[in-house]
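Coordinates as given in start-v5.cif (mmCIF, C-alpha atoms):
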data_start
#
loop_
_atom_site.group_PDB
_atom_site.id
_atom_site.type_symbol
_atom_site.label_atom_id
_atom_site.label_comp_id
_atom_site.auth_asym_id
_atom_site.auth_seq_id
_atom_site.Cartn_x
_atom_site.Cartn_y
_atom_site.Cartn_z
ATOM 1 C CA MET A 28 0.000 0.000 0.000
ATOM 2 C CA ARG A 29 1.403 3.395 -1.013
ATOM 3 C CA PHE A 30 1.563 6.108 1.640
ATOM 4 C CA LEU A 31 -0.024 9.460 0.862
ATOM 5 C CA ARG A 32 2.049 12.562 1.047
ATOM 6 C CA PRO A 33 1.437 14.526 4.273
ATOM 7 C CA SER A 34 -0.072 17.483 2.400
ATOM 8 C CA ILE A 35 -2.655 15.281 0.629
ATOM 9 C CA LEU A 36 -3.454 13.417 3.884
ATOM 10 C CA LEU A 37 -4.151 16.667 5.692
ATOM 11 C CA VAL A 38 -6.522 17.785 2.949
ATOM 12 C CA LEU A 39 -8.445 14.501 3.069
ATOM 13 C CA LEU A 40 -8.716 14.594 6.858
ATOM 14 C CA ALA A 41 -9.963 18.145 6.721
ATOM 15 C CA LEU A 42 -12.832 17.381 4.350
ATOM 16 C CA PRO A 43 -15.235 15.937 6.972
ATOM 17 C CA TRP A 44 -14.534 18.850 9.286
ATOM 18 C CA ALA A 45 -15.133 21.326 6.480
ATOM 19 C CA GLY A 46 -18.473 19.667 5.759
ATOM 20 C CA ALA A 47 -19.404 19.806 9.424
ATOM 21 C CA VAL A 48 -18.497 23.483 9.629
ATOM 22 C CA ARG A 49 -20.594 24.232 6.529
ATOM 23 C CA GLY A 50 -23.484 22.282 8.086
ATOM 24 C CA GLN A 51 -23.170 24.230 11.315
ATOM 25 C CA ALA A 52 -23.058 27.490 9.408
ATOM 26 C CA ALA A 53 -26.170 26.527 7.462
ATOM 27 C CA GLY A 54 -27.909 25.491 10.669
ATOM 28 C CA ALA A 55 -26.970 28.722 12.391
ATOM 29 C CA ALA A 56 -28.415 30.688 9.482
ATOM 30 C CA SER A 57 -31.833 29.007 9.729
ATOM 31 C CA GLU A 58 -34.554 30.663 11.772
ATOM 32 C CA ALA A 59 -35.475 29.178 15.137
ATOM 33 C CA ALA A 60 -38.878 27.524 15.310
ATOM 34 C CA PRO A 61 -41.120 27.128 18.373
ATOM 35 C CA LEU A 62 -40.545 23.946 20.367
ATOM 36 C CA VAL A 63 -44.019 22.513 20.930
ATOM 37 C CA MET A 64 -44.562 20.038 23.776
ATOM 38 C CA GLY A 65 -48.236 20.494 24.543
ATOM 39 C CA GLN A 66 -51.299 22.658 24.167
ATOM 40 C CA THR A 67 -52.623 25.712 25.979
ATOM 41 C CA PHE A 68 -55.997 27.421 26.191
ATOM 42 C CA THR A 69 -57.856 29.847 28.451
ATOM 43 C CA ILE A 70 -61.142 29.721 30.334
ATOM 44 C CA ALA A 71 -63.135 32.772 31.363
ATOM 45 C CA SER A 72 -64.160 31.574 34.820
ATOM 46 C CA LYS A 73 -67.346 32.793 36.422
ATOM 47 C CA ALA A 74 -66.495 30.989 39.660
ATOM 48 C CA LEU A 75 -63.205 32.874 39.993
ATOM 49 C CA GLY A 76 -64.200 36.050 38.166
ATOM 50 C CA GLU A 77 -61.135 35.954 35.912
ATOM 51 C CA THR A 78 -59.572 34.224 32.920
ATOM 52 C CA ARG A 79 -57.332 31.246 33.677
ATOM 53 C CA ARG A 80 -54.671 29.693 31.453
ATOM 54 C CA ILE A 81 -54.610 25.902 31.152
ATOM 55 C CA ASN A 82 -51.605 23.887 29.909
ATOM 56 C CA VAL A 83 -52.033 20.342 28.602
ATOM 57 C CA TYR A 84 -49.577 17.516 27.917
ATOM 58 C CA LEU A 85 -50.829 14.649 25.748
ATOM 59 C CA PRO A 86 -48.789 11.438 26.036
ATOM 60 C CA ALA A 87 -47.416 9.570 23.037
ATOM 61 C CA GLY A 88 -50.035 7.664 21.101
ATOM 62 C CA TYR A 89 -52.903 10.063 21.755
ATOM 63 C CA ALA A 90 -52.407 12.218 18.649
ATOM 64 C CA GLU A 91 -51.864 9.181 16.435
ATOM 65 C CA SER A 92 -55.210 7.673 17.437
ATOM 66 C CA THR A 93 -58.777 8.767 16.827
ATOM 67 C CA THR A 94 -60.283 6.518 19.484
ATOM 68 C CA LEU A 95 -57.801 6.348 22.387
ATOM 69 C CA GLN A 96 -59.319 7.612 25.651
ATOM 70 C CA LEU A 97 -57.125 8.451 28.629
ATOM 71 C CA PRO A 98 -57.563 9.354 32.328
ATOM 72 C CA VAL A 99 -56.737 12.915 33.384
ATOM 73 C CA LEU A 100 -54.257 14.162 36.002
ATOM 74 C CA TYR A 101 -55.020 17.710 37.170
ATOM 75 C CA MET A 102 -52.376 19.878 38.823
ATOM 76 C CA PRO A 103 -52.554 23.291 40.470
ATOM 77 C CA ASP A 104 -49.256 25.208 40.139
ATOM 78 C CA GLY A 105 -49.479 24.167 36.486
ATOM 79 C CA GLY A 106 -47.953 27.200 34.769
ATOM 80 C CA MET A 107 -44.964 26.995 32.411
ATOM 81 C CA GLN A 108 -42.881 28.858 35.001
ATOM 82 C CA GLU A 109 -44.254 26.675 37.812
ATOM 83 C CA ASP A 110 -44.373 22.859 37.989
ATOM 84 C CA PHE A 111 -45.920 21.950 34.636
ATOM 85 C CA LEU A 112 -42.736 21.240 32.665
ATOM 86 C CA HIS A 113 -41.055 18.904 35.132
ATOM 87 C CA VAL A 114 -44.251 16.984 35.900
ATOM 88 C CA ALA A 115 -44.971 16.637 32.168
ATOM 89 C CA GLY A 116 -41.429 15.298 31.809
ATOM 90 C CA LEU A 117 -42.091 12.733 34.537
ATOM 91 C CA VAL A 118 -45.276 11.592 32.823
ATOM 92 C CA GLN A 119 -43.450 11.358 29.482
ATOM 93 C CA VAL A 120 -40.518 9.299 30.749
ATOM 94 C CA SER A 121 -42.622 7.140 33.089
ATOM 95 C CA VAL A 122 -45.107 6.238 30.371
ATOM 96 C CA GLY A 123 -42.212 5.669 27.973
ATOM 97 C CA ASN A 124 -40.381 3.244 30.253
ATOM 98 C CA GLY A 125 -43.550 1.416 31.261
ATOM 99 C CA THR A 126 -43.657 2.382 34.944
ATOM 100 C CA MET A 127 -46.838 4.480 34.642
ATOM 101 C CA ARG A 128 -50.117 4.278 32.776
ATOM 102 C CA PRO A 129 -50.602 7.142 30.270
ATOM 103 C CA PHE A 130 -52.502 10.181 31.562
ATOM 104 C CA ILE A 131 -53.460 13.502 30.045
ATOM 105 C CA LEU A 132 -51.807 16.142 32.254
ATOM 106 C CA VAL A 133 -53.780 19.351 32.828
ATOM 107 C CA GLY A 134 -51.906 22.192 34.531
ATOM 108 C CA ILE A 135 -53.710 25.222 35.958
ATOM 109 C CA GLU A 136 -51.578 28.370 35.883
ATOM 110 C CA ASN A 137 -51.759 30.502 39.022
ATOM 111 C CA THR A 138 -52.978 34.057 39.396
ATOM 112 C CA GLU A 139 -53.488 34.344 43.169
ATOM 113 C CA ARG A 140 -52.071 31.067 44.437
ATOM 114 C CA ARG A 141 -52.493 31.684 48.167
ATOM 115 C CA ARG A 142 -56.090 32.774 47.673
ATOM 116 C CA ASP A 143 -57.088 29.757 45.586
ATOM 117 C CA LEU A 144 -55.344 26.965 47.479
ATOM 118 C CA THR A 145 -56.285 27.861 51.064
ATOM 119 C CA GLY A 146 -59.503 27.403 52.986
ATOM 120 C CA PRO A 147 -60.841 29.698 55.716
ATOM 121 C CA THR A 148 -58.611 30.329 58.729
ATOM 122 C CA THR A 149 -58.911 31.898 62.159
ATOM 123 C CA ASN A 150 -55.134 32.208 62.525
ATOM 124 C CA GLU A 151 -54.041 35.829 62.148
ATOM 125 C CA LYS A 152 -50.578 34.850 60.857
ATOM 126 C CA ASP A 153 -52.197 32.798 58.110
ATOM 127 C CA LYS A 154 -54.213 35.805 56.982
ATOM 128 C CA LYS A 155 -51.031 37.834 56.487
ATOM 129 C CA ILE A 156 -49.448 35.597 53.848
ATOM 130 C CA ALA A 157 -51.437 37.255 51.052
ATOM 131 C CA PRO A 158 -53.930 40.086 50.477
ATOM 132 C CA ARG A 159 -56.645 37.473 50.021
ATOM 133 C CA VAL A 160 -56.842 33.906 51.366
ATOM 134 C CA GLY A 161 -59.535 31.287 51.899
ATOM 135 C CA GLY A 162 -60.729 30.906 48.302
ATOM 136 C CA SER A 163 -60.434 27.125 47.961
ATOM 137 C CA ALA A 164 -64.200 26.570 47.689
ATOM 138 C CA ALA A 165 -64.413 28.857 44.644
ATOM 139 C CA TYR A 166 -61.351 27.190 43.122
ATOM 140 C CA ARG A 167 -62.915 23.776 43.619
ATOM 141 C CA GLN A 168 -66.106 25.067 41.973
ATOM 142 C CA PHE A 169 -63.987 26.215 39.015
ATOM 143 C CA LEU A 170 -62.514 22.727 38.687
ATOM 144 C CA ARG A 171 -65.836 20.931 39.047
ATOM 145 C CA GLU A 172 -68.128 23.138 36.972
ATOM 146 C CA GLU A 173 -65.841 24.753 34.409
ATOM 147 C CA LEU A 174 -62.443 23.163 33.876
ATOM 148 C CA MET A 175 -63.302 19.464 34.088
ATOM 149 C CA PRO A 176 -66.267 19.747 31.675
ATOM 150 C CA ALA A 177 -64.078 21.771 29.279
ATOM 151 C CA VAL A 178 -61.367 19.099 29.351
ATOM 152 C CA LYS A 179 -63.919 16.347 28.706
ATOM 153 C CA LYS A 180 -65.238 18.325 25.735
ATOM 154 C CA ARG A 181 -61.813 19.043 24.227
ATOM 155 C CA TYR A 182 -60.128 15.675 24.753
ATOM 156 C CA ARG A 183 -60.955 11.977 24.636
ATOM 157 C CA THR A 184 -61.039 11.073 28.323
ATOM 158 C CA THR A 185 -62.118 8.211 30.523
ATOM 159 C CA ALA A 186 -64.048 8.748 33.744
ATOM 160 C CA GLU A 187 -60.861 8.356 35.827
ATOM 161 C CA THR A 188 -59.389 11.548 37.305
ATOM 162 C CA ALA A 189 -56.553 12.417 39.682
ATOM 163 C CA ILE A 190 -55.060 15.530 41.261
ATOM 164 C CA VAL A 191 -51.499 16.260 42.389
ATOM 165 C CA GLY A 192 -50.048 19.134 44.414
ATOM 166 C CA GLU A 193 -47.277 20.194 46.772
ATOM 167 C CA SER A 194 -47.208 22.592 49.743
ATOM 168 C CA LEU A 195 -50.361 24.780 49.613
ATOM 169 C CA ALA A 196 -51.478 22.812 46.559
ATOM 170 C CA GLY A 197 -51.023 19.689 48.692
ATOM 171 C CA LEU A 198 -53.246 21.302 51.325
ATOM 172 C CA PHE A 199 -55.876 21.869 48.643
ATOM 173 C CA VAL A 200 -55.602 18.235 47.534
ATOM 174 C CA VAL A 201 -56.185 16.977 51.093
ATOM 175 C CA GLU A 202 -58.994 19.466 51.711
ATOM 176 C CA THR A 203 -60.724 18.350 48.508
ATOM 177 C CA LEU A 204 -60.365 14.705 49.534
ATOM 178 C CA LEU A 205 -61.980 15.392 52.914
ATOM 179 C CA LEU A 206 -64.693 17.806 51.748
ATOM 180 C CA GLU A 207 -65.547 16.509 48.274
ATOM 181 C CA PRO A 208 -63.992 13.048 47.925
ATOM 182 C CA GLU A 209 -66.056 12.065 44.880
ATOM 183 C CA LEU A 210 -64.449 14.765 42.706
ATOM 184 C CA PHE A 211 -61.350 12.647 41.956
ATOM 185 C CA ASN A 212 -60.358 8.996 42.052
ATOM 186 C CA THR A 213 -56.760 9.570 43.163
ATOM 187 C CA TYR A 214 -55.260 12.247 45.416
ATOM 188 C CA LEU A 215 -51.489 12.952 45.565
ATOM 189 C CA ALA A 216 -50.189 15.481 48.118
ATOM 190 C CA PHE A 217 -46.539 16.232 48.883
ATOM 191 C CA ASP A 218 -45.550 18.223 51.985
ATOM 192 C CA PRO A 219 -49.163 19.423 52.332
ATOM 193 C CA SER A 220 -49.422 22.619 54.397
ATOM 194 C CA LEU A 221 -51.597 21.007 57.045
ATOM 195 C CA TRP A 222 -50.466 23.628 59.556
ATOM 196 C CA TRP A 223 -53.005 25.973 57.949
ATOM 197 C CA ASN A 224 -55.753 27.190 60.320
ATOM 198 C CA ASN A 225 -53.929 25.752 63.339
ATOM 199 C CA GLY A 226 -53.932 22.289 61.778
ATOM 200 C CA GLN A 227 -57.700 21.949 62.042
ATOM 201 C CA LEU A 228 -58.181 20.083 58.747
ATOM 202 C CA ALA A 229 -56.217 17.034 59.909
ATOM 203 C CA LYS A 230 -57.384 17.318 63.526
ATOM 204 C CA GLU A 231 -61.062 17.335 62.604
ATOM 205 C CA ALA A 232 -60.858 14.895 59.680
ATOM 206 C CA SER A 233 -62.653 12.033 61.422
ATOM 207 C CA LYS A 234 -65.547 14.340 62.346
ATOM 208 C CA LEU A 235 -66.226 15.419 58.763
ATOM 209 C CA PRO A 236 -69.122 13.821 56.818
ATOM 210 C CA TRP A 237 -66.777 11.957 54.438
ATOM 211 C CA PHE A 238 -65.628 9.599 57.205
ATOM 212 C CA THR A 239 -68.962 7.894 57.684
ATOM 213 C CA ALA A 240 -70.409 8.525 54.221
ATOM 214 C CA LYS A 241 -70.482 5.632 51.777
ATOM 215 C CA SER A 242 -68.088 5.965 48.850
ATOM 216 C CA SER A 243 -69.444 5.233 45.390
ATOM 217 C CA GLN A 244 -66.022 4.159 44.167
ATOM 218 C CA PRO A 245 -62.615 3.317 45.685
ATOM 219 C CA LYS A 246 -60.116 6.112 46.312
ATOM 220 C CA THR A 247 -56.334 6.066 46.307
ATOM 221 C CA VAL A 248 -54.244 8.566 48.257
ATOM 222 C CA PHE A 249 -50.470 9.110 48.243
ATOM 223 C CA LEU A 250 -48.970 11.429 50.881
ATOM 224 C CA ALA A 251 -45.273 12.317 51.142
ATOM 225 C CA THR A 252 -43.286 14.504 53.537
ATOM 226 C CA SER A 253 -39.800 15.965 53.465
ATOM 227 C CA ARG A 254 -37.572 16.720 56.441
ATOM 228 C CA ASP A 255 -39.249 20.145 56.568
ATOM 229 C CA GLY A 256 -42.754 18.706 56.758
ATOM 230 C CA ASP A 257 -44.677 16.983 59.531
ATOM 231 C CA PRO A 258 -44.392 13.224 58.927
ATOM 232 C CA ASP A 259 -46.255 12.344 62.129
ATOM 233 C CA VAL A 260 -49.375 14.304 61.120
ATOM 234 C CA VAL A 261 -49.254 12.895 57.592
ATOM 235 C CA SER A 262 -48.752 9.348 58.857
ATOM 236 C CA GLN A 263 -51.689 9.668 61.245
ATOM 237 C CA LEU A 264 -53.855 11.030 58.451
ATOM 238 C CA ALA A 265 -52.945 8.072 56.246
ATOM 239 C CA LYS A 266 -53.869 5.662 59.066
ATOM 240 C CA LEU A 267 -57.196 7.426 59.488
ATOM 241 C CA LEU A 268 -57.899 7.198 55.759
ATOM 242 C CA ASN A 269 -57.116 3.487 55.751
ATOM 243 C CA SER A 270 -59.421 2.951 58.726
ATOM 244 C CA LYS A 271 -62.431 4.538 57.041
ATOM 245 C CA PRO A 272 -65.475 2.263 57.413
ATOM 246 C CA GLY A 273 -66.114 0.290 54.253
ATOM 247 C CA GLY A 274 -62.451 0.049 53.324
ATOM 248 C CA ARG A 275 -62.877 2.107 50.160
ATOM 249 C CA ILE A 276 -59.677 4.177 50.590
ATOM 250 C CA THR A 277 -56.114 2.978 50.081
ATOM 251 C CA ALA A 278 -53.654 5.503 51.497
ATOM 252 C CA TYR A 279 -49.861 5.497 51.226
ATOM 253 C CA SER A 280 -47.574 7.558 53.441
ATOM 254 C CA GLU A 281 -43.982 8.127 52.362
ATOM 255 C CA ALA A 282 -41.418 9.882 54.587
ATOM 256 C CA MET A 283 -38.588 11.380 52.503
ATOM 257 C CA PRO A 284 -36.118 12.890 55.014
ATOM 258 C CA GLN A 285 -33.446 13.124 52.326
ATOM 259 C CA GLU A 286 -35.562 15.820 50.620
ATOM 260 C CA SER A 287 -36.334 19.391 51.657
ATOM 261 C CA HIS A 288 -39.567 21.278 51.036
ATOM 262 C CA ALA A 289 -37.900 22.807 47.972
ATOM 263 C CA THR A 290 -36.808 19.479 46.470
ATOM 264 C CA ILE A 291 -39.580 17.017 47.336
ATOM 265 C CA TYR A 292 -41.979 17.501 44.417
ATOM 266 C CA HIS A 293 -40.047 15.731 41.660
ATOM 267 C CA PRO A 294 -38.864 12.626 43.581
ATOM 268 C CA ALA A 295 -42.184 12.302 45.414
ATOM 269 C CA ALA A 296 -44.128 12.519 42.165
ATOM 270 C CA LEU A 297 -41.892 9.868 40.601
ATOM 271 C CA LYS A 298 -42.514 7.553 43.568
ATOM 272 C CA ALA A 299 -46.235 8.288 43.576
ATOM 273 C CA PHE A 300 -46.689 7.718 39.843
ATOM 274 C CA ARG A 301 -44.870 4.388 40.050
ATOM 275 C CA THR A 302 -46.950 3.344 43.063
ATOM 276 C CA VAL A 303 -50.494 4.362 42.224
ATOM 277 C CA PHE A 304 -50.417 4.604 38.407
ATOM 278 C CA LYS A 305 -48.339 1.525 37.628
ATOM 279 C CA PRO A 306 -49.633 -0.478 34.668
ATOM 280 C CA ALA A 307 -51.463 -3.733 35.241
ATOM 281 C CA PRO A 308 -49.210 -6.769 34.651
ATOM 282 C CA SER A 309 -50.773 -7.422 31.237
ATOM 283 C CA GLU A 310 -50.184 -3.779 30.218
ATOM 284 C CA GLY A 311 -46.468 -4.007 30.934
ATOM 285 C CA LYS A 312 -45.883 -6.838 28.450
#

As structure tokens, the full file:
Amino acid sequence: MRFLRPSILLVLLALPWAGAVRGQAAGAASEAAPLVMGQTFTIASKALGETRRINVYLPAGYAESTTLQLPVLYMPDGGMQEDFLHVAGLVQVSVGNGTMRPFILVGIENTERRRDLTGPTTNEKDKKIAPRVGGSAAYRQFLREELMPAVKKRYRTTAETAIVGESLAGLFVVETLLLEPELFNTYLAFDPSLWWNNGQLAKEASKLPWFTAKSSQPKTVFLATSRDGDPDVVSQLAKLLNSKPGGRITAYSEAMPQESHATIYHPAALKAFRTVFKPAPSEGK
């Protein structure tokens, strides 16, 4: 085999790099296009007296089908600058690797978060966290009467629904479970702010009508706490839920001392999705 002269060899080696540089230059010259990962729409809410933005992630397979129906996972704190992107990512990767059933994710962008996610309180310190608090009943009305019907109209859904939230959104999830348990099938709350109103929601839970009322369908609850939360209160609440007459609630309690209040959402959601939304054995094949 004859050896090439160094000058010719250098030219030949440079050709792929020259092509790559030209490709990069061409790519740099092209205009950037929007990166689409979901849908968004607005609702003029009578219950809240304002327009709310809704963000939606549709898992793989939905767009390709004309008949596929999916359950819906609702999330407060669902704005693009809030928790929507990382939770949508969890749904995408979990469905993709077969550790979670596919769900349509519906994120509700905040306007007055502390108003919407808190119930009434007699604690004066609670009342100082925002100009307005205690609007959870109106927010729940918005979900029940406006958002959920709109989602059913826009998308192919099953009757199964779930809700997920952290901190004050976790408080709202627990409050909804205790006050209107039939609204969702599954309730996921991470570091719920059960200290609200002197902790009365958890303290009075067994005295609320839900505890003795008959459930029309089973409920699943997943509660998680970080080292900044109150694992004892959450654990006791889970025990109470599991002791409900009729045995129609399955509650999980997960202590995550390795996480802080600021870091718990993502790992807790991953654990919760794998626990309560795992595919049936036949689905995983």

Next item on the list: Take the PyMOL selection byres ((chain A and resi 149) around 12), apply it to the structure above, and return the hits as a ChimeraX atom specification.
Entry: /A:146-148,150-155,160-161,223-227

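Counting all atoms listed in the file, the residue from A:Met175, A:Leu205, A:Ala232, A:Ala87 that sits nearest to Val120 (chain A) is A:Ala87.
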
Next item on the list: Could you check which of A:Thr277, A:Thr126, A:Thr188, A:Thr69 is closest to Met102 (chain A), using only C-alpha atoms?
Entry: A:Thr188

Notebook entry, point to check: Within 10 Å of (-51.6, 22.0, 36.3), in the coordinates the file gives, what residues turn up when you count all atoms listed in the file, written out as a ChimeraX atom specification?
Noted result: /A:80-84,100-107,109-112,114-115,132-137,190-192

Check: With only C-alpha atoms as the basis for distance, which of A:Met127, A:Ala295, A:Leu264, A:Val248 is at the shortest distance from Pro208 (chain A)?
Finding: A:Val248

The PyMOL selection byres ((chain A and resi 236) around 12) on the file shown: which residues, as a PDB file with C-alpha atoms, in the coordinates of the input?
ATOM      1  CA  LEU A 204     -60.365  14.705  49.534  1.00  0.00           C
ATOM      2  CA  LEU A 205     -61.980  15.392  52.914  1.00  0.00           C
ATOM      3  CA  LEU A 206     -64.693  17.806  51.748  1.00  0.00           C
ATOM      4  CA  GLU A 207     -65.547  16.509  48.274  1.00  0.00           C
ATOM      5  CA  PRO A 208     -63.992  13.048  47.925  1.00  0.00           C
ATOM      6  CA  GLU A 231     -61.062  17.335  62.604  1.00  0.00           C
ATOM      7  CA  ALA A 232     -60.858  14.895  59.680  1.00  0.00           C
ATOM      8  CA  SER A 233     -62.653  12.033  61.422  1.00  0.00           C
ATOM      9  CA  LYS A 234     -65.547  14.340  62.346  1.00  0.00           C
ATOM     10  CA  LEU A 235     -66.226  15.419  58.763  1.00  0.00           C
ATOM     11  CA  TRP A 237     -66.777  11.957  54.438  1.00  0.00           C
ATOM     12  CA  PHE A 238     -65.628   9.599  57.205  1.00  0.00           C
ATOM     13  CA  THR A 239     -68.962   7.894  57.684  1.00  0.00           C
ATOM     14  CA  ALA A 240     -70.409   8.525  54.221  1.00  0.00           C
ATOM     15  CA  LYS A 241     -70.482   5.632  51.777  1.00  0.00           C
ATOM     16  CA  SER A 242     -68.088   5.965  48.850  1.00  0.00           C
ATOM     17  CA  LYS A 271     -62.431   4.538  57.041  1.00  0.00           C
TER      18      LYS A 271
END

Next item on the list: Work out how far CA of Leu95 (chain A) is from CA of Ile131 (chain A), in Å to one decimal.
Entry: 11.3 Å

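Neighbouring residues of Thr213 (chain A) at 6 Å or closer, counting all atoms listed in the file and skipping chain neighbours under 5 positions away, are Ala189, Lys246, Thr247 and Val248 of chain A.
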
Note to self: Between CA of Pro176 (chain A) and CA of Thr203 (chain A), what is the distance in Å, rounded to a tenth?
What the structure shows: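 Going from CA of Pro176 (chain A) over to CA of Thr203 (chain A) covers 17.8 Å.
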
Check: Nearest to Ala299 (chain A) among A:Gly162, A:Leu198, A:Ala186, A:Ser121, with distances taken over all atoms listed in the file: which residue is it?
Finding: A:Ser121

Next item on the list: Could you tell me which of A:Gln285, A:Thr145, A:Ser72, A:Thr67 comes closest to Gln168 (chain A) if we count all atoms listed in the file?
Entry: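 Checking each candidate against Gln168 (chain A), we get A:Ser72 as the closest.
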
Margin query: Could you check the closest approach to Ile70 (chain A) for each of A:Phe169, A:Ala90, A:Gln96, A:Tyr279 and tell me which residue wins, using only C-alpha atoms?
Written below: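 Result for the nearest residue to Ile70 (chain A): A:Phe169.
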
Can you list every residue of region 86-169 of chain A that has an atom at most 10 Å from region 300-308 of chain A, with its nearest atom pair and the distance in Å to one decimal, using only C-alpha atoms, ordered by chain then number, as a tab-separated table?
residue	atom	partner	partner_atom	distance
A:Leu117	CA	A:Phe300	CA	8.6
A:Val118	CA	A:Phe300	CA	8.1
A:Ser121	CA	A:Arg301	CA	7.8
A:Val122	CA	A:Pro306	CA	9.2
A:Gly125	CA	A:Pro306	CA	7.2
A:Thr126	CA	A:Lys305	CA	5.5
A:Met127	CA	A:Lys305	CA	4.5
A:Arg128	CA	A:Pro306	CA	5.1
A:Pro129	CA	A:Phe304	CA	8.5
A:Phe130	CA	A:Phe304	CA	9.1

Checklist line | Between CA of Asp259 (chain A) and CA of Pro272 (chain A), distance in Å (one decimal) | finding: 22.2 Å

Restrict the output to region 164-178 of chain A and N, CA, C and O atoms, then write it as a compact mmCIF listing (two decimals), in the first residue's frame.
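Output contents, as saved in decode_6.txt:
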# COMPACT_ATOMS: atom_id res chain seq x y z
N ALA A 164 -62.87 27.03 48.11
CA ALA A 164 -64.20 26.57 47.69
C ALA A 164 -64.52 27.05 46.27
O ALA A 164 -65.05 26.30 45.45
N ALA A 165 -64.19 28.31 45.98
CA ALA A 165 -64.41 28.86 44.64
C ALA A 165 -63.51 28.18 43.62
O ALA A 165 -63.93 27.90 42.49
N TYR A 166 -62.29 27.88 44.02
CA TYR A 166 -61.35 27.19 43.12
C TYR A 166 -61.84 25.78 42.82
O TYR A 166 -61.76 25.31 41.68
N ARG A 167 -62.37 25.12 43.82
CA ARG A 167 -62.91 23.78 43.62
C ARG A 167 -64.15 23.84 42.70
O ARG A 167 -64.35 22.96 41.86
N GLN A 168 -64.95 24.88 42.86
CA GLN A 168 -66.11 25.07 41.97
C GLN A 168 -65.64 25.26 40.53
O GLN A 168 -66.25 24.71 39.59
N PHE A 169 -64.57 26.02 40.35
CA PHE A 169 -63.99 26.21 39.02
C PHE A 169 -63.57 24.88 38.40
O PHE A 169 -63.86 24.60 37.24
N LEU A 170 -62.92 24.04 39.19
CA LEU A 170 -62.51 22.73 38.69
C LEU A 170 -63.73 21.89 38.30
O LEU A 170 -63.79 21.30 37.21
N ARG A 171 -64.69 21.82 39.22
CA ARG A 171 -65.84 20.93 39.05
C ARG A 171 -66.76 21.38 37.91
O ARG A 171 -67.20 20.55 37.10
N GLU A 172 -67.08 22.66 37.87
CA GLU A 172 -68.13 23.14 36.97
C GLU A 172 -67.62 23.71 35.66
O GLU A 172 -68.39 23.81 34.68
N GLU A 173 -66.34 24.09 35.61
CA GLU A 173 -65.84 24.75 34.41
C GLU A 173 -64.68 24.01 33.75
O GLU A 173 -64.74 23.66 32.55
N LEU A 174 -63.62 23.76 34.50
CA LEU A 174 -62.44 23.16 33.88
C LEU A 174 -62.67 21.71 33.48
O LEU A 174 -62.38 21.31 32.34
N MET A 175 -63.15 20.89 34.39
CA MET A 175 -63.30 19.46 34.09
C MET A 175 -64.27 19.22 32.93
O MET A 175 -63.98 18.41 32.03
N PRO A 176 -65.41 19.90 32.86
CA PRO A 176 -66.27 19.75 31.68
C PRO A 176 -65.58 20.21 30.39
O PRO A 176 -65.77 19.59 29.33
N ALA A 177 -64.78 21.28 30.47
CA ALA A 177 -64.08 21.77 29.28
C ALA A 177 -63.06 20.75 28.79
O ALA A 177 -62.90 20.54 27.58
N VAL A 178 -62.35 20.12 29.72
CA VAL A 178 -61.37 19.10 29.35
C VAL A 178 -62.06 17.90 28.71
O VAL A 178 -61.60 17.35 27.70
